[in-house]
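Source file: coords-v7.cif; contents: mmCIF, C-alpha atoms.
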```cif
data_input
#
loop_
_atom_site.group_PDB
_atom_site.id
_atom_site.type_symbol
_atom_site.label_atom_id
_atom_site.label_comp_id
_atom_site.auth_asym_id
_atom_site.auth_seq_id
_atom_site.Cartn_x
_atom_site.Cartn_y
_atom_site.Cartn_z
ATOM 1 C CA MET A 1 0.000 0.000 0.000
ATOM 2 C CA PHE A 2 2.868 2.384 0.769
ATOM 3 C CA GLY A 3 3.893 2.170 -2.866
ATOM 4 C CA LEU A 4 0.777 4.109 -3.821
ATOM 5 C CA PHE A 5 2.198 7.131 -2.044
ATOM 6 C CA HIS A 6 5.771 6.559 -3.098
ATOM 7 C CA SER A 7 5.721 5.891 -6.831
ATOM 8 C CA GLU A 8 5.346 9.338 -8.346
ATOM 9 C CA LYS A 9 8.460 8.762 -10.451
ATOM 10 C CA ASP A 10 6.760 5.722 -11.960
ATOM 11 C CA GLY A 11 3.817 7.870 -13.007
ATOM 12 C CA PHE A 12 1.318 6.680 -10.395
ATOM 13 C CA SER A 13 0.470 7.810 -6.896
ATOM 14 C CA VAL A 14 -2.630 8.444 -4.816
ATOM 15 C CA PRO A 15 -2.409 12.246 -5.309
ATOM 16 C CA TYR A 16 -1.954 11.751 -9.061
ATOM 17 C CA LEU A 17 -4.937 9.404 -9.246
ATOM 18 C CA SER A 18 -7.046 11.859 -7.263
ATOM 19 C CA ARG A 19 -6.069 14.611 -9.690
ATOM 20 C CA GLU A 20 -7.109 12.523 -12.695
ATOM 21 C CA VAL A 21 -10.490 11.673 -11.149
ATOM 22 C CA HIS A 22 -11.270 15.307 -10.415
ATOM 23 C CA LEU A 23 -10.105 16.440 -13.845
ATOM 24 C CA LEU A 24 -12.749 14.106 -15.283
ATOM 25 C CA PHE A 25 -15.307 15.550 -12.881
ATOM 26 C CA LYS A 26 -14.469 19.087 -14.013
ATOM 27 C CA LYS A 27 -14.642 18.051 -17.657
ATOM 28 C CA TYR A 28 -18.026 16.351 -17.505
ATOM 29 C CA SER A 29 -19.556 18.937 -15.187
ATOM 30 C CA ASP A 30 -18.274 21.696 -17.488
ATOM 31 C CA ASN A 31 -17.048 23.529 -14.404
ATOM 32 C CA ASP A 32 -13.411 24.521 -13.906
ATOM 33 C CA ASP A 33 -13.900 25.041 -10.175
ATOM 34 C CA PRO A 34 -16.737 22.807 -8.862
ATOM 35 C CA TYR A 35 -15.858 23.534 -5.221
ATOM 36 C CA LYS A 36 -15.696 27.318 -5.623
ATOM 37 C CA TRP A 37 -18.719 28.073 -3.439
ATOM 38 C CA VAL A 38 -17.630 25.514 -0.832
ATOM 39 C CA LYS A 39 -14.214 27.152 -0.602
ATOM 40 C CA ARG A 40 -15.717 30.610 -0.217
ATOM 41 C CA GLN A 41 -18.094 29.305 2.441
ATOM 42 C CA SER A 42 -15.201 27.649 4.300
ATOM 43 C CA ASN A 43 -13.092 30.800 4.183
ATOM 44 C CA ASP A 44 -15.982 32.931 5.425
ATOM 45 C CA MET A 45 -16.763 30.459 8.208
ATOM 46 C CA VAL A 46 -13.279 30.792 9.683
ATOM 47 C CA LEU A 47 -12.796 34.485 8.886
ATOM 48 C CA SER A 48 -15.905 35.223 10.954
ATOM 49 C CA ARG A 49 -14.114 33.640 13.934
ATOM 50 C CA TYR A 50 -10.708 35.180 13.314
ATOM 51 C CA ASP A 51 -10.853 37.795 16.071
ATOM 52 C CA ASP A 52 -11.972 35.221 18.640
ATOM 53 C CA LEU A 53 -9.327 32.740 17.497
ATOM 54 C CA LYS A 54 -6.650 35.420 17.672
ATOM 55 C CA LYS A 55 -7.744 36.285 21.212
ATOM 56 C CA THR A 56 -7.484 32.605 22.122
ATOM 57 C CA VAL A 57 -3.897 32.653 20.877
ATOM 58 C CA THR A 58 -2.751 35.937 22.412
ATOM 59 C CA THR A 59 -4.230 35.212 25.844
ATOM 60 C CA SER A 60 -2.905 31.652 26.051
ATOM 61 C CA ALA A 61 0.078 30.576 28.130
ATOM 62 C CA ASP A 62 1.984 29.609 24.972
ATOM 63 C CA PRO A 63 0.777 31.513 21.872
ATOM 64 C CA PHE A 64 3.075 29.548 19.539
ATOM 65 C CA VAL A 65 1.719 26.148 20.567
ATOM 66 C CA THR A 66 -1.873 27.401 20.641
ATOM 67 C CA ALA A 67 -1.617 28.882 17.136
ATOM 68 C CA LEU A 68 0.083 25.688 15.949
ATOM 69 C CA LYS A 69 -2.727 23.556 17.377
ATOM 70 C CA LEU A 70 -5.359 25.741 15.735
ATOM 71 C CA ALA A 71 -3.541 25.503 12.397
ATOM 72 C CA ILE A 72 -3.723 21.720 12.642
ATOM 73 C CA ALA A 73 -7.375 21.840 13.754
ATOM 74 C CA GLY A 74 -8.103 23.655 10.494
ATOM 75 C CA ASN A 75 -6.915 20.568 8.617
ATOM 76 C CA ILE A 76 -10.312 18.987 9.369
ATOM 77 C CA ILE A 77 -11.855 21.187 6.634
ATOM 78 C CA ASP A 78 -11.444 18.698 3.809
ATOM 79 C CA TYR A 79 -14.025 17.889 1.132
ATOM 80 C CA GLY A 80 -11.727 15.399 -0.551
ATOM 81 C CA ILE A 81 -12.654 12.693 1.966
ATOM 82 C CA PRO A 82 -16.144 11.280 2.637
ATOM 83 C CA GLN A 83 -16.678 12.356 6.218
ATOM 84 C CA HIS A 84 -18.634 14.935 8.181
ATOM 85 C CA PHE A 85 -16.598 17.325 10.292
ATOM 86 C CA ASP A 86 -17.401 19.498 13.291
ATOM 87 C CA LEU A 87 -14.975 22.428 13.386
ATOM 88 C CA ASP A 88 -15.802 23.581 16.912
ATOM 89 C CA GLU A 89 -15.481 20.060 18.268
ATOM 90 C CA THR A 90 -12.126 19.642 16.526
ATOM 91 C CA ILE A 91 -10.832 22.962 17.875
ATOM 92 C CA GLY A 92 -11.814 21.960 21.391
ATOM 93 C CA LYS A 93 -10.231 18.546 20.996
ATOM 94 C CA VAL A 94 -6.902 19.770 19.648
ATOM 95 C CA LEU A 95 -6.572 22.488 22.294
ATOM 96 C CA ALA A 96 -7.143 19.899 25.013
ATOM 97 C CA SER A 97 -4.890 17.236 23.470
ATOM 98 C CA ASP A 98 -1.205 16.517 23.235
ATOM 99 C CA PHE A 99 0.270 15.927 19.798
ATOM 100 C CA ALA A 100 0.542 12.219 18.974
ATOM 101 C CA ILE A 101 3.995 13.026 17.582
ATOM 102 C CA ASP A 102 5.427 16.238 18.951
ATOM 103 C CA HIS A 103 8.330 18.036 17.295
ATOM 104 C CA SER A 104 6.847 21.444 18.111
ATOM 105 C CA LYS A 105 9.826 22.572 20.199
ATOM 106 C CA ASP A 106 12.178 21.640 17.393
ATOM 107 C CA LEU A 107 9.961 23.488 14.912
ATOM 108 C CA LYS A 108 10.005 26.628 17.047
ATOM 109 C CA GLN A 109 13.790 26.479 17.342
ATOM 110 C CA SER A 110 14.221 25.884 13.614
ATOM 111 C CA LEU A 111 11.976 28.839 12.804
ATOM 112 C CA SER A 112 14.084 31.101 15.000
ATOM 113 C CA GLU A 113 17.205 30.062 13.070
ATOM 114 C CA ALA A 114 15.794 29.955 9.530
ATOM 115 C CA LYS A 115 16.452 32.771 7.096
ATOM 116 C CA SER A 116 13.661 31.609 4.787
ATOM 117 C CA VAL A 117 10.540 29.493 5.291
ATOM 118 C CA LEU A 118 8.256 27.776 2.779
ATOM 119 C CA TYR A 119 4.785 27.006 4.144
ATOM 120 C CA ILE A 120 2.787 24.698 1.849
ATOM 121 C CA GLY A 121 -0.955 25.209 2.257
ATOM 122 C CA ASP A 122 -3.668 22.597 1.960
ATOM 123 C CA ASN A 123 -7.365 23.509 2.041
ATOM 124 C CA ALA A 124 -9.621 26.554 1.879
ATOM 125 C CA GLY A 125 -10.875 27.562 5.312
ATOM 126 C CA GLU A 126 -7.789 25.940 6.766
ATOM 127 C CA ILE A 127 -5.815 28.753 5.147
ATOM 128 C CA VAL A 128 -7.294 31.205 7.669
ATOM 129 C CA PHE A 129 -5.878 29.143 10.536
ATOM 130 C CA ASP A 130 -2.572 29.094 8.646
ATOM 131 C CA LYS A 131 -2.652 32.875 8.448
ATOM 132 C CA LEU A 132 -3.119 33.116 12.212
ATOM 133 C CA PHE A 133 -0.183 30.771 12.834
ATOM 134 C CA ILE A 134 2.004 32.656 10.350
ATOM 135 C CA GLU A 135 1.028 35.938 11.984
ATOM 136 C CA THR A 136 2.107 34.446 15.312
ATOM 137 C CA ILE A 137 5.408 33.196 13.863
ATOM 138 C CA HIS A 138 6.067 36.658 12.415
ATOM 139 C CA HIS A 139 8.940 35.494 10.210
ATOM 140 C CA PRO A 140 10.461 38.147 7.889
ATOM 141 C CA ASP A 141 10.845 35.854 4.853
ATOM 142 C CA LEU A 142 8.007 33.336 4.780
ATOM 143 C CA TRP A 143 6.417 32.095 1.553
ATOM 144 C CA TYR A 144 2.948 30.550 1.456
ATOM 145 C CA ALA A 145 2.374 28.089 -1.405
ATOM 146 C CA VAL A 146 -0.970 27.368 -3.066
ATOM 147 C CA ARG A 147 -2.021 25.038 -5.904
ATOM 148 C CA GLY A 148 -1.498 26.125 -9.480
ATOM 149 C CA ALA A 149 -5.190 25.696 -10.386
ATOM 150 C CA PRO A 150 -8.455 24.663 -8.672
ATOM 151 C CA ILE A 151 -8.580 21.068 -7.428
ATOM 152 C CA ILE A 152 -11.210 19.888 -4.902
ATOM 153 C CA ASN A 153 -11.211 22.445 -2.042
ATOM 154 C CA ASP A 154 -7.446 22.965 -2.019
ATOM 155 C CA VAL A 155 -6.124 26.497 -1.646
ATOM 156 C CA THR A 156 -5.504 28.582 -4.751
ATOM 157 C CA LEU A 157 -4.274 32.110 -5.355
ATOM 158 C CA GLU A 158 -7.894 33.271 -5.260
ATOM 159 C CA ASP A 159 -8.267 31.938 -1.719
ATOM 160 C CA ALA A 160 -4.982 33.499 -0.630
ATOM 161 C CA ASN A 161 -6.081 36.861 -1.998
ATOM 162 C CA TYR A 162 -9.521 36.522 -0.403
ATOM 163 C CA VAL A 163 -8.131 35.972 3.105
ATOM 164 C CA GLN A 164 -5.365 38.553 2.499
ATOM 165 C CA MET A 165 -2.534 36.131 3.112
ATOM 166 C CA ASN A 166 -0.185 38.688 1.563
ATOM 167 C CA GLU A 167 -0.468 40.677 4.806
ATOM 168 C CA VAL A 168 1.677 38.096 6.605
ATOM 169 C CA ALA A 169 3.533 36.183 3.865
ATOM 170 C CA HIS A 170 4.685 36.154 0.273
ATOM 171 C CA VAL A 171 2.377 33.976 -1.838
ATOM 172 C CA ILE A 172 3.473 31.606 -4.608
ATOM 173 C CA GLU A 173 1.617 29.115 -6.823
ATOM 174 C CA ASN A 174 3.220 25.689 -7.154
ATOM 175 C CA GLY A 175 2.406 25.440 -10.867
ATOM 176 C CA TYR A 176 0.383 22.208 -10.725
ATOM 177 C CA ASP A 177 -3.194 21.200 -9.965
ATOM 178 C CA ALA A 178 -2.850 18.020 -7.913
ATOM 179 C CA PRO A 179 -4.259 17.962 -4.351
ATOM 180 C CA SER A 180 -0.690 17.563 -3.164
ATOM 181 C CA THR A 181 2.857 18.783 -3.831
ATOM 182 C CA MET A 182 4.227 16.610 -6.624
ATOM 183 C CA LEU A 183 7.602 18.251 -7.078
ATOM 184 C CA SER A 184 8.413 16.711 -10.447
ATOM 185 C CA HIS A 185 5.354 18.477 -11.905
ATOM 186 C CA CYS A 186 5.719 21.813 -10.093
ATOM 187 C CA SER A 187 7.055 24.991 -11.674
ATOM 188 C CA LYS A 188 10.764 25.772 -11.693
ATOM 189 C CA GLU A 189 10.096 28.842 -9.568
ATOM 190 C CA PHE A 190 8.429 26.740 -6.890
ATOM 191 C CA LYS A 191 11.063 23.989 -7.003
ATOM 192 C CA ASP A 192 13.824 26.576 -6.636
ATOM 193 C CA LEU A 193 12.071 28.043 -3.609
ATOM 194 C CA PHE A 194 11.547 24.573 -2.132
ATOM 195 C CA SER A 195 15.241 23.836 -2.580
ATOM 196 C CA ARG A 196 16.580 27.018 -1.032
ATOM 197 C CA ALA A 197 14.143 27.356 1.885
ATOM 198 C CA ASP A 198 15.748 26.633 5.241
ATOM 199 C CA ILE A 199 12.491 25.130 6.509
ATOM 200 C CA VAL A 200 9.534 23.604 4.688
ATOM 201 C CA ILE A 201 6.258 23.379 6.608
ATOM 202 C CA SER A 202 3.901 20.930 4.926
ATOM 203 C CA LYS A 203 0.229 21.146 5.876
ATOM 204 C CA GLY A 204 -2.175 18.242 5.623
ATOM 205 C CA GLN A 205 -2.198 14.632 4.587
ATOM 206 C CA GLY A 206 -2.238 15.288 0.837
ATOM 207 C CA ASN A 207 1.092 17.099 0.953
ATOM 208 C CA LEU A 208 2.552 14.436 3.230
ATOM 209 C CA GLU A 209 1.570 11.711 0.752
ATOM 210 C CA SER A 210 3.679 13.270 -1.989
ATOM 211 C CA LEU A 211 6.591 14.456 0.155
ATOM 212 C CA LEU A 212 7.162 11.265 2.138
ATOM 213 C CA HIS A 213 9.950 10.253 -0.223
ATOM 214 C CA GLU A 214 11.858 13.533 0.147
ATOM 215 C CA SER A 215 15.055 12.905 2.095
ATOM 216 C CA SER A 216 15.491 16.521 3.153
ATOM 217 C CA LYS A 217 15.821 16.995 6.904
ATOM 218 C CA LYS A 218 14.041 20.329 6.871
ATOM 219 C CA ILE A 219 10.411 19.313 6.336
ATOM 220 C CA TYR A 220 7.858 19.573 9.131
ATOM 221 C CA PHE A 221 4.517 17.828 8.591
ATOM 222 C CA LEU A 222 1.515 19.348 10.371
ATOM 223 C CA LEU A 223 -1.684 17.356 10.039
ATOM 224 C CA MET A 224 -4.666 15.578 11.452
ATOM 225 C CA VAL A 225 -4.366 11.907 10.475
ATOM 226 C CA LYS A 226 -7.390 10.988 8.354
ATOM 227 C CA CYS A 227 -6.844 7.402 7.239
ATOM 228 C CA ASP A 228 -5.607 4.124 8.680
ATOM 229 C CA VAL A 229 -2.788 3.768 6.133
ATOM 230 C CA ILE A 230 -1.124 7.043 7.142
ATOM 231 C CA ALA A 231 -1.855 6.293 10.802
ATOM 232 C CA ASP A 232 0.003 2.993 10.474
ATOM 233 C CA ILE A 233 2.925 4.605 8.658
ATOM 234 C CA LEU A 234 3.304 7.215 11.404
ATOM 235 C CA GLY A 235 2.542 4.832 14.254
ATOM 236 C CA VAL A 236 -0.439 6.807 15.561
ATOM 237 C CA LYS A 237 -4.224 6.524 15.466
ATOM 238 C CA LYS A 238 -6.617 7.951 12.918
ATOM 239 C CA GLY A 239 -7.912 11.310 14.146
ATOM 240 C CA GLN A 240 -4.792 12.220 16.108
ATOM 241 C CA PHE A 241 -2.791 15.406 15.591
ATOM 242 C CA VAL A 242 0.822 15.350 14.454
ATOM 243 C CA VAL A 243 3.805 17.709 14.299
ATOM 244 C CA ALA A 244 6.504 15.538 12.738
ATOM 245 C CA ARG A 245 9.845 16.440 11.281
ATOM 246 C CA ASN A 246 11.249 14.649 8.272
ATOM 247 C CA VAL A 247 9.343 11.479 7.525
ATOM 248 C CA VAL A 248 11.802 9.439 5.462
ATOM 249 C CA GLU A 249 12.249 5.946 4.060
ATOM 250 C CA ASN A 250 14.695 3.950 6.152
ATOM 251 C CA GLU A 251 14.829 0.173 6.310
ATOM 252 C CA ASN A 252 16.379 0.191 9.769
ATOM 253 C CA CYS A 253 14.251 2.934 11.295
ATOM 254 C CA HIS A 254 12.755 2.471 14.723
ATOM 255 C CA SER A 255 9.173 3.129 15.729
ATOM 256 C CA LYS A 256 8.300 3.697 19.357
ATOM 257 C CA ARG A 257 4.861 2.346 18.673
ATOM 258 C CA LYS A 258 4.802 -0.858 20.741
ATOM 259 C CA GLY A 259 8.622 -0.865 20.570
ATOM 260 C CA ARG A 260 8.629 -2.548 17.152
ATOM 261 C CA HIS A 261 11.023 -2.088 14.242
ATOM 262 C CA ARG A 262 9.237 -1.009 11.084
ATOM 263 C CA GLN A 263 10.300 -1.743 7.515
ATOM 264 C CA ASN A 264 8.559 1.074 5.643
ATOM 265 C CA VAL A 265 8.514 4.726 6.698
ATOM 266 C CA CYS A 266 9.234 6.425 9.983
ATOM 267 C CA LEU A 267 10.489 9.629 11.518
ATOM 268 C CA ASP A 268 14.139 10.408 10.998
ATOM 269 C CA GLN A 269 16.007 8.503 13.715
ATOM 270 C CA SER A 270 18.093 11.551 14.632
ATOM 271 C CA PHE A 271 14.947 13.270 15.871
ATOM 272 C CA LEU A 272 13.078 10.362 17.449
ATOM 273 C CA ASP A 273 14.803 10.752 20.793
ATOM 274 C CA GLY A 274 13.843 14.415 20.966
ATOM 275 C CA ALA A 275 10.212 13.882 20.058
ATOM 276 C CA THR A 276 7.360 13.437 22.494
ATOM 277 C CA PHE A 277 5.054 10.525 21.665
ATOM 278 C CA ARG A 278 1.653 9.713 23.071
ATOM 279 C CA ASN A 279 0.889 6.041 23.527
ATOM 280 C CA SER A 280 -1.426 5.609 20.549
ATOM 281 C CA ASP A 281 -2.847 2.395 21.986
ATOM 282 C CA ASN A 282 -4.156 4.249 25.025
ATOM 283 C CA ALA A 283 -5.084 7.515 23.323
ATOM 284 C CA ASP A 284 -8.630 8.792 23.314
#
```
Written form, structure tokens:
Amino acid sequence: MFGLFHSEKDGFSVPYLSREVHLLFKKYSDNDDPYKWVKRQSNDMVLSRYDDLKKTVTTSADPFVTALKLAIAGNIIDYGIPQHFDLDETIGKVLASDFAIDHSKDLKQSLSEAKSVLYIGDNAGEIVFDKLFIETIHHPDLWYAVRGAPIINDVTLEDANYVQMNEVAHVIENGYDAPSTMLSHCSKEFKDLFSRADIVISKGQGNLESLLHESSKKIYFLLMVKCDVIADILGVKKGQFVVARNVVENENCHSKRKGRHRQNVCLDQSFLDGATFRNSDNAD
């Protein structure tokens, strides 16, 4: 099953297949952006709460962690999977929970040292939570990446302009219309930025699916785990929240889940000892 996420170079992957399915949907519906109204509705839903969310961040004991948790809570806004979501319930849950994999301290330290940051967005609505986190980070050279064209409810330049992301970050399109970041298909401008950024922050499961094979030790994955396959790869439970640095392929990698050695994908061993793990078998 892992091969579905890992075989972009062979011309097939889950994100690529999803793109092809939705291209057919756009063709036969004669609509270049079938989710346009859903994206606007999602953006408006979160924008209407922005002041309250910002107050939650600024009055918290740790604004960085609170804004980070809210950014991950926003990952629940996903119309590419067949499930109902309750945003308020998810916000409450993430604020009251520990991360199933926690590299948040390492992320904060890396951000303080980075000269440039690339933040890869995921979904509309979620982008507003991203803006709040980016505003909290307040980094002088942060780039926010969106899809090159409409695909499902993923963020586009139109969404970035609508929520005024340019107030807190530079905005760049990735040059491709997959619900993911398939580097081999992205524009040269985006690939150059990806290469030179000191830190890459990857939001959501779709981006993780296409960037799992990247060996760079500067990628942080922020997501709510939405399927059992990804949960098994990361050694957590579906529905848990993750801040994980550098998921890489390593035949000898070690998973702290039940103390077993895994033979597929895991967190970079050099960071496992510094990460905080919840026992996924006893998690709520």
Which neighbours of A:Glu113 fall inside 12 Å, counting all atoms listed in the file, when residues of the same chain fewer than 3 positions from it are skipped, and could you give them as a short mmCIF file (atom, residue, chain, number, x, y, z; two decimals) with C-alpha atoms, keeping the file's coordinate frame?
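Writing the result to around-v5.cif gives the following:
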```
data_model
loop_
_atom_site.label_atom_id
_atom_site.label_comp_id
_atom_site.auth_asym_id
_atom_site.auth_seq_id
_atom_site.Cartn_x
_atom_site.Cartn_y
_atom_site.Cartn_z
CA ASP A 106 12.18 21.64 17.39
CA LEU A 107 9.96 23.49 14.91
CA LYS A 108 10.01 26.63 17.05
CA GLN A 109 13.79 26.48 17.34
CA SER A 110 14.22 25.88 13.61
CA SER A 116 13.66 31.61 4.79
CA VAL A 117 10.54 29.49 5.29
CA HIS A 139 8.94 35.49 10.21
CA PRO A 140 10.46 38.15 7.89
CA ASP A 141 10.84 35.85 4.85
CA ALA A 197 14.14 27.36 1.88
CA ASP A 198 15.75 26.63 5.24
CA ILE A 199 12.49 25.13 6.51
CA LYS A 218 14.04 20.33 6.87
#
```
Against stretch 84-89 of chain A, which residues of stretch 43-73 of chain A fall within 12 Å? For each one I want the closest pair of atoms and the distance in Å (one decimal), counting all atoms listed in the file, rows by chain and increasing residue number, as a Markdown table.
```
| residue | atom | partner | partner_atom | distance |
| --- | --- | --- | --- | --- |
| A:Met45 | CA | A:Leu87 | CA | 9.7 |
| A:Val46 | CA | A:Leu87 | CA | 9.3 |
| A:Arg49 | CA | A:Asp88 | CA | 10.6 |
| A:Leu53 | CA | A:Asp88 | CA | 11.2 |
| A:Leu70 | CA | A:Leu87 | CA | 10.4 |
| A:Ala71 | CA | A:Leu87 | CA | 11.9 |
| A:Ile72 | CA | A:Leu87 | CA | 11.3 |
| A:Ala73 | CA | A:Leu87 | CA | 7.6 |
```
Residues matched by the PyMOL selection byres ((chain A and resi 18) around 10), written as a PyMOL selection string: chain A and resi 13-17+19-23+80+151-152+178-180
Given all atoms listed in the file as the counted atoms, nearest of A:Ala244, A:Tyr50, A:Ser104, A:Tyr28 to A:Thr66: A:Ser104
Best match for closeness to A:Lys54 among A:Met165, A:Ala124, A:Met182, A:Ile134, counting only C-alpha atoms: A:Ile134
Non-local contacts of stretch 158-160 of chain A (8 Å; all atoms listed in the file; under 5 positions in same chain excluded) as a PyMOL selection string: chain A and resi 39-40+43+124+127+146+165-166+171
Surrounding residues of A:Asp122 excluding itself and chain neighbours under 4 positions, 10 Å, only C-alpha atoms, as a ChimeraX atom specification: /A:74-75,77-78,126-127,130,145-147,153-156,179-181,202-207,223
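Among the candidates A:Leu132, A:Leu212, A:Leu142, A:Leu118, the one nearest to A:Ser195 when counting only C-alpha atoms is A:Leu118.
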Closest of A:Ile101, A:Thr136, A:Arg196, A:Trp143 to A:Lys237 - atom-to-atom distances counting only C-alpha atoms: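 Among A:Ile101, A:Thr136, A:Arg196, A:Trp143, it is A:Ile101 that comes nearest to A:Lys237.
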Test item: the PyMOL selection byres ((chain A and resi 183) around 10) resolved as JSON, numbers by chain: {"A": [8, 174, 175, 176, 180, 181, 182, 184, 185, 186, 187, 188, 190, 191, 194, 210, 211, 214]}
Suppose a student applies the PyMOL selection byres ((chain A and resi 201) around 6) to this structure; what residues should they get, written as a short mmCIF file (atom, residue, chain, number, x, y, z; two decimals) with C-alpha atoms, in the coordinates of the input?
```cif
data_model
loop_
_atom_site.label_atom_id
_atom_site.label_comp_id
_atom_site.auth_asym_id
_atom_site.auth_seq_id
_atom_site.Cartn_x
_atom_site.Cartn_y
_atom_site.Cartn_z
CA TYR A 119 4.78 27.01 4.14
CA VAL A 200 9.53 23.60 4.69
CA SER A 202 3.90 20.93 4.93
CA ILE A 219 10.41 19.31 6.34
CA TYR A 220 7.86 19.57 9.13
#
```
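Interatomic distance, atom CA of A:Asp51 to atom CA of A:Ala169: 18.9 Å.
Atom pair atom CA of A:Val225 / atom CA of A:Phe99: separated by 11.2 Å.
Taking atom CA of A:Pro63 and atom CA of A:His170 as endpoints, the distance between them is 22.4 Å.
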Which of A:Phe133, A:Gly125, A:Asn161, A:Val65 sits closest to A:Ser97 [using only C-alpha atoms]: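 Closest candidate: A:Val65.
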Residue nearest A:Pro150 - candidates A:Lys131, A:Lys105, A:Lys27, A:Lys36, atoms counted: all atoms listed in the file: A:Lys36
Please, could N, CA and C atoms be added to stretch 43-62 of chain A and the result written as a JSON list (two decimals), in the coordinates of the input?
```json
[["chain", "number", "residue", "atom", "x", "y", "z"],
["A", 43, "ASN", "N", -13.89, 29.63, 3.82],
["A", 43, "ASN", "CA", -13.09, 30.80, 4.18],
["A", 43, "ASN", "C", -13.89, 31.77, 5.05],
["A", 44, "ASP", "N", -15.14, 32.01, 4.66],
["A", 44, "ASP", "CA", -15.98, 32.93, 5.42],
["A", 44, "ASP", "C", -16.27, 32.39, 6.83],
["A", 45, "MET", "N", -16.47, 31.08, 6.92],
["A", 45, "MET", "CA", -16.76, 30.46, 8.21],
["A", 45, "MET", "C", -15.65, 30.72, 9.21],
["A", 46, "VAL", "N", -14.40, 30.61, 8.76],
["A", 46, "VAL", "CA", -13.28, 30.79, 9.68],
["A", 46, "VAL", "C", -12.94, 32.27, 9.84],
["A", 47, "LEU", "N", -13.06, 33.05, 8.77],
["A", 47, "LEU", "CA", -12.80, 34.48, 8.89],
["A", 47, "LEU", "C", -13.72, 35.14, 9.91],
["A", 48, "SER", "N", -14.95, 34.66, 9.99],
["A", 48, "SER", "CA", -15.90, 35.22, 10.95],
["A", 48, "SER", "C", -15.49, 34.95, 12.40],
["A", 49, "ARG", "N", -14.59, 33.99, 12.59],
["A", 49, "ARG", "CA", -14.11, 33.64, 13.93],
["A", 49, "ARG", "C", -12.70, 34.15, 14.20],
["A", 50, "TYR", "N", -12.13, 34.85, 13.24],
["A", 50, "TYR", "CA", -10.71, 35.18, 13.31],
["A", 50, "TYR", "C", -10.36, 35.97, 14.57],
["A", 51, "ASP", "N", -11.15, 36.97, 14.89],
["A", 51, "ASP", "CA", -10.85, 37.80, 16.07],
["A", 51, "ASP", "C", -10.89, 36.96, 17.35],
["A", 52, "ASP", "N", -11.88, 36.08, 17.45],
["A", 52, "ASP", "CA", -11.97, 35.22, 18.64],
["A", 52, "ASP", "C", -10.81, 34.23, 18.70],
["A", 53, "LEU", "N", -10.45, 33.68, 17.54],
["A", 53, "LEU", "CA", -9.33, 32.74, 17.50],
["A", 53, "LEU", "C", -8.02, 33.44, 17.86],
["A", 54, "LYS", "N", -7.86, 34.66, 17.36],
["A", 54, "LYS", "CA", -6.65, 35.42, 17.67],
["A", 54, "LYS", "C", -6.57, 35.72, 19.16],
["A", 55, "LYS", "N", -7.71, 36.03, 19.77],
["A", 55, "LYS", "CA", -7.74, 36.28, 21.21],
["A", 55, "LYS", "C", -7.37, 35.02, 21.98],
["A", 56, "THR", "N", -7.85, 33.88, 21.50],
["A", 56, "THR", "CA", -7.48, 32.60, 22.12],
["A", 56, "THR", "C", -5.97, 32.41, 22.11],
["A", 57, "VAL", "N", -5.35, 32.79, 21.00],
["A", 57, "VAL", "CA", -3.90, 32.65, 20.88],
["A", 57, "VAL", "C", -3.16, 33.63, 21.79],
["A", 58, "THR", "N", -3.51, 34.90, 21.70],
["A", 58, "THR", "CA", -2.75, 35.94, 22.41],
["A", 58, "THR", "C", -2.91, 35.86, 23.92],
["A", 59, "THR", "N", -4.01, 35.31, 24.40],
["A", 59, "THR", "CA", -4.23, 35.21, 25.84],
["A", 59, "THR", "C", -3.81, 33.86, 26.42],
["A", 60, "SER", "N", -3.30, 32.98, 25.58],
["A", 60, "SER", "CA", -2.90, 31.65, 26.05],
["A", 60, "SER", "C", -1.53, 31.70, 26.71],
["A", 61, "ALA", "N", -1.22, 30.65, 27.45],
["A", 61, "ALA", "CA", 0.08, 30.58, 28.13],
["A", 61, "ALA", "C", 1.22, 30.44, 27.14],
["A", 62, "ASP", "N", 0.96, 29.80, 26.00],
["A", 62, "ASP", "CA", 1.98, 29.61, 24.97],
["A", 62, "ASP", "C", 1.36, 29.89, 23.61]]
```
